[in-house]
file work.txt (compact mmCIF, C-alpha atoms)
# COMPACT_ATOMS: atom_id res chain seq x y z
CA ASP A 1 -36.05 -97.70 143.13
CA LEU A 2 -36.24 -94.35 141.32
CA GLN A 3 -40.01 -94.26 141.73
CA ARG A 4 -39.68 -94.95 145.44
CA LEU A 5 -36.96 -92.33 145.89
CA VAL A 6 -38.96 -89.72 143.96
CA HIS A 7 -42.03 -90.50 146.08
CA GLN A 8 -40.02 -89.89 149.25
CA LEU A 9 -38.71 -86.57 147.90
CA LEU A 10 -42.12 -85.35 146.73
CA TYR A 11 -43.79 -86.49 149.95
CA ARG A 12 -41.34 -84.47 152.02
CA HIS A 13 -41.81 -81.46 149.74
CA VAL A 14 -45.62 -81.59 149.94
CA PHE A 15 -46.17 -82.61 153.56
CA GLY A 16 -42.94 -81.56 155.28
CA SER A 17 -42.35 -85.02 156.75
CA GLN A 18 -40.48 -88.17 155.75
CA ALA A 19 -42.03 -91.18 154.05
CA THR A 20 -40.26 -94.41 154.94
CA TRP A 21 -38.99 -96.76 152.24
CA GLU A 22 -41.79 -99.17 153.15
CA MET A 23 -44.39 -96.41 152.71
CA ALA A 24 -42.88 -95.59 149.34
CA GLU A 25 -42.97 -99.25 148.27
CA LYS A 26 -46.65 -99.50 149.15
CA PHE A 27 -47.50 -96.32 147.26
CA VAL A 28 -45.52 -97.33 144.16
CA ALA A 29 -47.33 -100.68 144.07
CA MET A 30 -50.63 -98.80 143.90
CA GLN A 31 -49.14 -96.36 141.39
CA ASP A 32 -48.13 -99.16 139.05
CA SER A 33 -51.57 -100.76 139.22
CA ILE A 34 -53.23 -97.45 138.28
CA ILE A 35 -50.84 -96.77 135.39
CA ARG A 36 -51.41 -100.26 133.98
CA SER A 37 -55.18 -99.95 134.07
CA ALA A 38 -55.54 -96.29 133.09
CA THR A 39 -55.39 -96.72 129.34
CA ILE A 40 -57.98 -99.46 128.98
CA SER A 41 -60.35 -98.12 131.62
CA GLN A 42 -61.76 -95.35 129.42
CA ALA A 43 -63.00 -97.79 126.79
CA MET A 44 -64.10 -100.49 129.24
CA PRO A 45 -67.87 -100.84 129.80
CA ARG A 46 -68.68 -100.03 133.40
CA ILE A 47 -70.32 -103.40 133.89
CA PHE A 48 -66.80 -104.85 134.08
CA TYR A 49 -65.46 -102.43 136.70
CA GLY A 50 -66.09 -104.79 139.57
CA LEU A 51 -64.34 -107.63 137.72
CA ALA A 52 -61.19 -105.73 136.81
CA GLY A 53 -59.72 -105.05 140.24
CA TYR A 54 -60.94 -101.46 140.27
CA SER A 55 -62.50 -101.90 143.70
CA ASP A 56 -59.02 -102.45 145.16
CA ILE A 57 -57.67 -99.39 143.35
CA GLU A 58 -60.63 -97.31 144.52
CA ARG A 59 -60.13 -98.42 148.13
CA ASN A 60 -56.42 -97.65 148.06
CA MET A 61 -56.99 -94.25 146.44
CA ARG A 62 -59.68 -93.40 148.99
CA ASP A 63 -57.41 -94.38 151.86
CA TYR A 64 -54.64 -92.13 150.55
CA VAL A 65 -57.02 -89.20 150.03
CA TYR A 66 -58.25 -89.48 153.62
CA ALA A 67 -54.73 -89.85 154.99
CA TYR A 68 -53.49 -86.85 153.02
CA MET A 69 -56.50 -84.80 154.13
CA VAL A 70 -55.32 -85.09 157.72
CA LEU A 71 -51.80 -83.96 156.82
CA LEU A 72 -52.96 -81.08 154.63
CA GLU A 73 -55.50 -79.82 157.14
CA GLU A 74 -52.73 -79.70 159.75
CA LYS A 75 -50.69 -77.60 157.35
CA TYR A 76 -53.36 -75.44 155.67
CA GLY A 77 -56.33 -75.78 158.01
CA ASP A 78 -57.29 -72.09 158.29
CA SER A 79 -57.04 -71.52 154.55
CA LEU A 80 -59.14 -74.59 153.75
CA THR A 81 -61.93 -73.93 156.24
CA SER A 82 -62.38 -70.37 154.94
CA LEU A 83 -63.37 -71.73 151.52
CA VAL A 84 -66.96 -72.85 151.17
CA ASP A 85 -68.23 -72.95 147.60
CA GLU A 86 -64.94 -72.59 145.74
CA CYS A 87 -64.35 -76.34 145.51
CA ALA A 88 -67.81 -77.57 144.45
CA PRO A 89 -68.84 -80.21 143.52
CA SER A 90 -66.22 -81.73 145.84
CA PRO A 91 -67.60 -82.13 149.38
CA ASN A 92 -65.03 -79.61 150.60
CA CYS A 93 -61.67 -78.12 149.66
CA SER A 94 -59.77 -80.55 151.85
CA VAL A 95 -60.97 -83.46 149.72
CA GLN A 96 -60.11 -81.61 146.52
CA LEU A 97 -56.62 -80.65 147.68
CA ALA A 98 -55.90 -84.16 148.97
CA SER A 99 -57.13 -85.66 145.69
CA GLY A 100 -54.81 -83.30 143.82
CA ALA A 101 -51.90 -84.35 146.02
CA VAL A 102 -52.58 -88.04 145.30
CA ASP A 103 -52.74 -87.27 141.59
CA ALA A 104 -49.45 -85.36 141.69
CA LEU A 105 -47.67 -88.09 143.63
CA TYR A 106 -48.82 -91.00 141.47
CA ALA A 107 -48.91 -89.40 137.99
CA ALA A 108 -48.15 -85.75 137.26
CA GLY A 109 -44.83 -85.77 139.14
CA GLY A 110 -44.50 -89.12 140.82
CA PHE A 111 -44.37 -91.07 137.57
CA SER A 112 -43.11 -88.59 134.96
CA LEU A 113 -40.18 -87.39 137.09
CA PRO A 114 -38.50 -90.81 137.57
CA THR A 115 -39.15 -91.48 133.88
CA GLY A 116 -37.24 -88.28 133.06
CA ILE A 117 -34.39 -89.27 135.38
CA GLN A 118 -34.20 -92.68 133.70
CA SER A 119 -33.95 -90.96 130.32
CA GLY A 120 -31.13 -88.74 131.60
CA LEU A 121 -29.18 -91.77 132.82
CA ALA A 122 -29.73 -93.49 129.48
CA LEU A 123 -28.43 -90.45 127.57
CA LEU A 124 -25.28 -90.34 129.70
CA TYR A 125 -24.44 -94.03 129.72
CA SER A 126 -25.98 -95.61 126.62
CA THR A 127 -23.41 -96.83 124.08
CA SER A 128 -26.01 -97.23 121.32
CA ALA A 129 -25.26 -95.59 118.00
CA THR A 130 -28.72 -94.01 118.15
CA ASN A 131 -27.97 -92.11 121.38
CA PRO A 132 -28.44 -88.41 120.53
CA CYS A 133 -26.25 -87.27 123.45
CA THR A 134 -22.45 -87.07 123.31
CA LEU A 135 -21.92 -86.08 126.96
CA ASP A 136 -20.53 -88.50 129.54
CA GLN A 137 -21.30 -86.30 132.54
CA VAL A 138 -23.56 -83.39 133.47
CA PRO A 139 -21.73 -80.05 133.14
CA VAL A 140 -21.26 -78.41 136.53
CA GLY A 141 -23.80 -75.66 137.07
CA LYS A 142 -25.93 -76.82 134.13
CA GLU A 143 -27.98 -79.49 135.86
CA THR A 144 -31.32 -77.75 135.15
CA GLU A 145 -30.49 -77.24 131.48
CA PHE A 146 -29.42 -80.90 131.21
CA PHE A 147 -32.72 -82.11 132.63
CA LEU A 148 -34.79 -79.80 130.44
CA GLU A 149 -32.92 -80.90 127.33
CA THR A 150 -33.42 -84.52 128.39
CA ILE A 151 -37.19 -84.19 128.59
CA ARG A 152 -37.22 -82.12 125.41
CA VAL A 153 -35.49 -84.88 123.45
CA ILE A 154 -37.25 -87.73 125.29
CA PRO A 155 -40.53 -86.40 126.72
CA PRO A 156 -41.75 -88.49 129.68
CA VAL A 157 -45.28 -87.71 128.44
CA TYR A 158 -45.64 -88.10 124.67
CA GLY A 159 -49.19 -86.86 124.31
CA PHE A 160 -51.27 -84.18 126.00
CA PRO A 161 -54.97 -84.93 125.43
CA TYR A 162 -57.74 -82.41 125.77
CA TRP A 163 -61.43 -82.41 124.96
CA LYS A 164 -62.27 -80.15 122.03
CA ARG A 165 -65.84 -81.24 122.63
CA ARG A 166 -66.64 -82.79 126.00
CA PRO A 167 -68.51 -86.12 126.24
CA ILE A 168 -72.23 -85.85 126.87
CA CYS A 169 -72.95 -86.03 130.59
CA GLU A 170 -74.78 -89.12 131.79
CA GLY A 171 -78.44 -88.19 132.27
CA LEU A 172 -78.16 -84.92 130.30
CA SER A 173 -78.69 -83.99 126.67
CA ASP A 174 -76.05 -82.59 124.36
CA SER A 175 -77.34 -79.04 124.84
CA GLU A 176 -77.60 -79.43 128.62
CA THR A 177 -74.01 -80.64 128.72
CA ALA A 178 -72.83 -77.71 126.58
CA ALA A 179 -74.60 -75.30 128.95
CA LEU A 180 -72.19 -76.39 131.72
CA ASN A 181 -69.23 -74.92 129.82
CA ALA A 182 -68.06 -71.46 130.86
CA PRO A 183 -64.88 -69.36 130.42
CA GLY A 184 -62.52 -68.30 133.17
CA GLY A 185 -62.33 -71.69 134.86
CA ASN A 186 -66.07 -71.73 135.59
CA THR A 187 -66.99 -74.85 133.61
CA GLN A 188 -69.14 -77.14 135.72
CA ALA A 189 -68.70 -80.87 136.21
CA CYS A 190 -71.36 -83.33 135.16
CA PRO A 191 -74.00 -83.91 137.88
CA VAL A 192 -73.18 -86.97 139.96
CA GLN A 193 -75.66 -89.76 139.26
CA PRO A 194 -76.91 -92.34 141.79
CA ASN A 195 -74.82 -95.50 142.05
CA ASP A 196 -75.64 -98.16 139.52
CA TRP A 197 -77.08 -101.20 141.31
CA LEU A 198 -74.99 -103.58 139.21
CA THR A 199 -71.57 -101.91 139.38
CA GLY A 200 -71.78 -99.97 142.63
CA TYR A 201 -70.46 -96.87 140.83
CA PRO A 202 -72.28 -93.80 139.47
CA PRO A 203 -72.73 -94.12 135.69
CA VAL A 204 -70.22 -91.91 133.88
CA ASN A 205 -69.82 -91.33 130.16
CA GLN A 206 -66.08 -91.00 129.58
CA TRP A 207 -65.98 -90.56 125.81
CA GLN A 208 -69.24 -90.97 123.86
CA GLY A 209 -70.29 -87.80 122.04
CA GLY A 210 -66.94 -86.16 122.76
CA PHE A 211 -64.09 -85.21 120.47
CA ARG A 212 -60.59 -85.47 121.90
CA GLU A 213 -57.39 -84.19 120.39
CA VAL A 214 -53.90 -85.15 121.54
CA VAL A 215 -51.01 -82.72 121.27
CA ASN A 216 -47.94 -84.69 120.16
CA MET A 217 -45.27 -83.53 122.60
CA LEU A 218 -42.47 -85.38 120.81
CA SER A 219 -43.20 -83.65 117.49
CA SER A 220 -43.55 -80.27 119.22
CA GLN A 221 -40.24 -80.61 121.02
CA HIS A 222 -38.46 -81.78 117.85
CA ASP A 223 -39.95 -79.12 115.59
CA GLU A 224 -37.12 -77.61 113.55
CA ALA A 225 -39.22 -74.49 112.92
CA ALA A 226 -38.88 -73.74 116.64
CA TRP A 227 -35.63 -75.43 117.65
CA GLY A 228 -33.64 -75.17 114.43
CA PRO A 229 -31.75 -77.82 112.42
CA GLY A 230 -30.80 -80.87 114.43
CA ALA A 231 -33.76 -80.43 116.77
CA SER A 232 -33.78 -84.17 117.43
CA GLN A 233 -30.22 -84.10 118.75
CA PHE A 234 -29.26 -83.46 122.36
CA THR A 235 -27.92 -79.90 122.49
CA MET A 236 -28.01 -78.02 125.78
CA ARG A 237 -29.34 -74.51 125.31
CA ASN A 238 -29.61 -71.27 127.25
CA MET A 239 -32.35 -71.19 129.84
CA SER A 240 -34.00 -68.29 128.01
CA GLU A 241 -34.60 -70.53 124.99
CA TYR A 242 -36.35 -73.16 127.09
CA VAL A 243 -38.52 -70.49 128.72
CA GLU A 244 -39.47 -69.15 125.28
CA LYS A 245 -40.09 -72.38 123.38
CA PHE A 246 -40.52 -75.30 125.75
CA VAL A 247 -44.07 -76.72 125.94
CA GLY A 248 -43.29 -79.93 127.82
CA PHE A 249 -42.89 -78.35 131.25
CA ALA A 250 -45.88 -76.82 133.01
CA GLU A 251 -44.25 -73.57 134.13
CA PHE A 252 -43.13 -72.74 130.58
CA ALA A 253 -46.38 -73.85 128.95
CA SER A 254 -48.62 -71.76 131.20
CA ASP A 255 -50.68 -68.93 129.78
CA PRO A 256 -51.59 -66.23 132.34
CA SER A 257 -54.46 -65.08 130.13
CA VAL A 258 -56.27 -68.43 130.52

call {"tool": "encode", "arguments": {"input": "work.txt", "output": "structure tokens"}}
result
Amino acid sequence: DLQRLVHQLLYRHVFGSQATWEMAEKFVAMQDSIIRSATISQAMPRIFYGLAGYSDIERNMRDYVYAYMVLLEEKYGDSLTSLVDECAPSPNCSVQLASGAVDALYAAGGFSLPTGIQSGLALLYSTSATNPCTLDQVPVGKETEFFLETIRVIPPVYGFPYWKRRPICEGLSDSETAALNAPGGNTQACPVQPNDWLTGYPPVNQWQGGFREVVNMLSSQHDEAAWGPGASQFTMRNMSEYVEKFVGFAEFASDPSV
């Protein structure tokens, strides 16, 4: 129910209209199917894509992207049509924005936010001896600090992966792939290949030749060098401390120089 409620709230925030409970149920069903398959999909040979239910996921995702395009063009039409090359290689900026909205609603916010709320409820009501929180209610006026401390102690996302060396693009050499990298947000995507006759999808190399590191969010948020002794315990702090040290929330982790 939390996932459905969060979807309704985020939908209203993004599109300015109300998603019904039935709409939320349908979206969460798709959301769950994506989350379940996401981990194994990177290592799965593409020959099995058609056998793993990915065609249903692709169809549902495509339908949501197209539906959200209509809503976003109604809201930001003039701004989107004025952009021509800024969103390449996407067909246009409407597709890119709608794809980002789908991603935010199913993963970046739509899944991590209800997970954080669940953790907050557990901290308040769990009677386990291992519960690091001693509060039985959220202090009035400290709701934001309570939530930030919750996701500091129990991060909804435990790892933040990034490519230290990107995988070699399908159809390109190592050096040709490296030539696509550029600073200032100008790195280019791999060229889209023709659909494979067997799978129906363009061939994509998701990991071979690459080197991926994963930042351990739990260790970072429990680091006593930053948070002091008892960093693993639930201790609500001043907002200024979260702004200075917190790396598990996008606004605090941003770097304006990048």

call {"tool": "closest_residue", "arguments": {"input": "work.txt", "among": "A:Gly184, A:Gly110, A:Gly141, A:Pro191", "to": "A:Ser90", "atoms": "all atoms listed in the file"}}
result
A:Pro191

call {"tool": "residues_around", "arguments": {"input": "work.txt", "residues": "stretch 101-106 of chain A", "least_positions_apart": "4", "cutoff": "7 Å", "atoms": "only C-alpha atoms", "output": "NGL selection string"}}
result
:A and (7 or 10 or 31 or 64-65 or 97 or 110-111)

call {"tool": "atom_distance", "arguments": {"input": "work.txt", "atom1": "atom CA of A:Ser82", "atom2": "atom CA of A:Leu180"}}
result
25.9 Å

call {"tool": "atom_distance", "arguments": {"input": "work.txt", "atom1": "atom CA of A:Trp227", "atom2": "atom CA of A:Lys164"}}
result
27.4 Å

call {"tool": "axis_aligned_box", "arguments": {"input": "work.txt", "around": "stretch 195-210 of chain A", "padding_each_side": "4 Å", "output": "AutoDock Vina command-line options"}}
result
--center_x -71.5 --center_y -94.9 --center_z 132.3 --size_x 19.1 --size_y 25.4 --size_z 28.6

call {"tool": "closest_residue", "arguments": {"input": "work.txt", "among": "A:Glu143, A:Glu176, A:Asp32, A:Glu213", "to": "A:Met239", "atoms": "only C-alpha atoms"}}
result
A:Glu143

call {"tool": "closest_atom_pairs", "arguments": {"input": "work.txt", "of": "stretch 190-250 of chain A", "to": "stretch 151-163 of chain A", "cutoff": "6 Å", "atoms": "only C-alpha atoms", "output": "Markdown table"}}
result
| residue | atom | partner | partner_atom | distance |
| --- | --- | --- | --- | --- |
| A:Phe211 | CA | A:Trp163 | CA | 5.9 |
| A:Arg212 | CA | A:Trp163 | CA | 4.4 |
| A:Glu213 | CA | A:Pro161 | CA | 5.6 |
| A:Val214 | CA | A:Pro161 | CA | 4.0 |
| A:Val215 | CA | A:Phe160 | CA | 5.0 |
| A:Asn216 | CA | A:Gly159 | CA | 4.8 |
| A:Met217 | CA | A:Tyr158 | CA | 5.0 |
| A:Leu218 | CA | A:Tyr158 | CA | 5.7 |
| A:Gln221 | CA | A:Arg152 | CA | 5.5 |

call {"tool": "write_last_selection", "arguments": {"input": "work.txt", "atoms": "C-alpha atoms", "output": "PDB file, in the frame of the given file"}}
result
ATOM      1  CA  PHE A 211     -64.090 -85.210 120.470  1.00  0.00           C
ATOM      2  CA  ARG A 212     -60.590 -85.470 121.900  1.00  0.00           C
ATOM      3  CA  GLU A 213     -57.390 -84.190 120.390  1.00  0.00           C
ATOM      4  CA  VAL A 214     -53.900 -85.150 121.540  1.00  0.00           C
ATOM      5  CA  VAL A 215     -51.010 -82.720 121.270  1.00  0.00           C
ATOM      6  CA  ASN A 216     -47.940 -84.690 120.160  1.00  0.00           C
ATOM      7  CA  MET A 217     -45.270 -83.530 122.600  1.00  0.00           C
ATOM      8  CA  LEU A 218     -42.470 -85.380 120.810  1.00  0.00           C
ATOM      9  CA  GLN A 221     -40.240 -80.610 121.020  1.00  0.00           C
TER      10      GLN A 221
END

call {"tool": "residues_around", "arguments": {"input": "work.txt", "residues": "A:Thr150", "least_positions_apart": "3", "cutoff": "10 Å", "atoms": "all atoms listed in the file", "output": "count of residues only"}}
result
20

call {"tool": "atom_distance", "arguments": {"input": "work.txt", "atom1": "atom CA of A:Ser99", "atom2": "atom CA of A:Tyr68"}}
result
8.3 Å
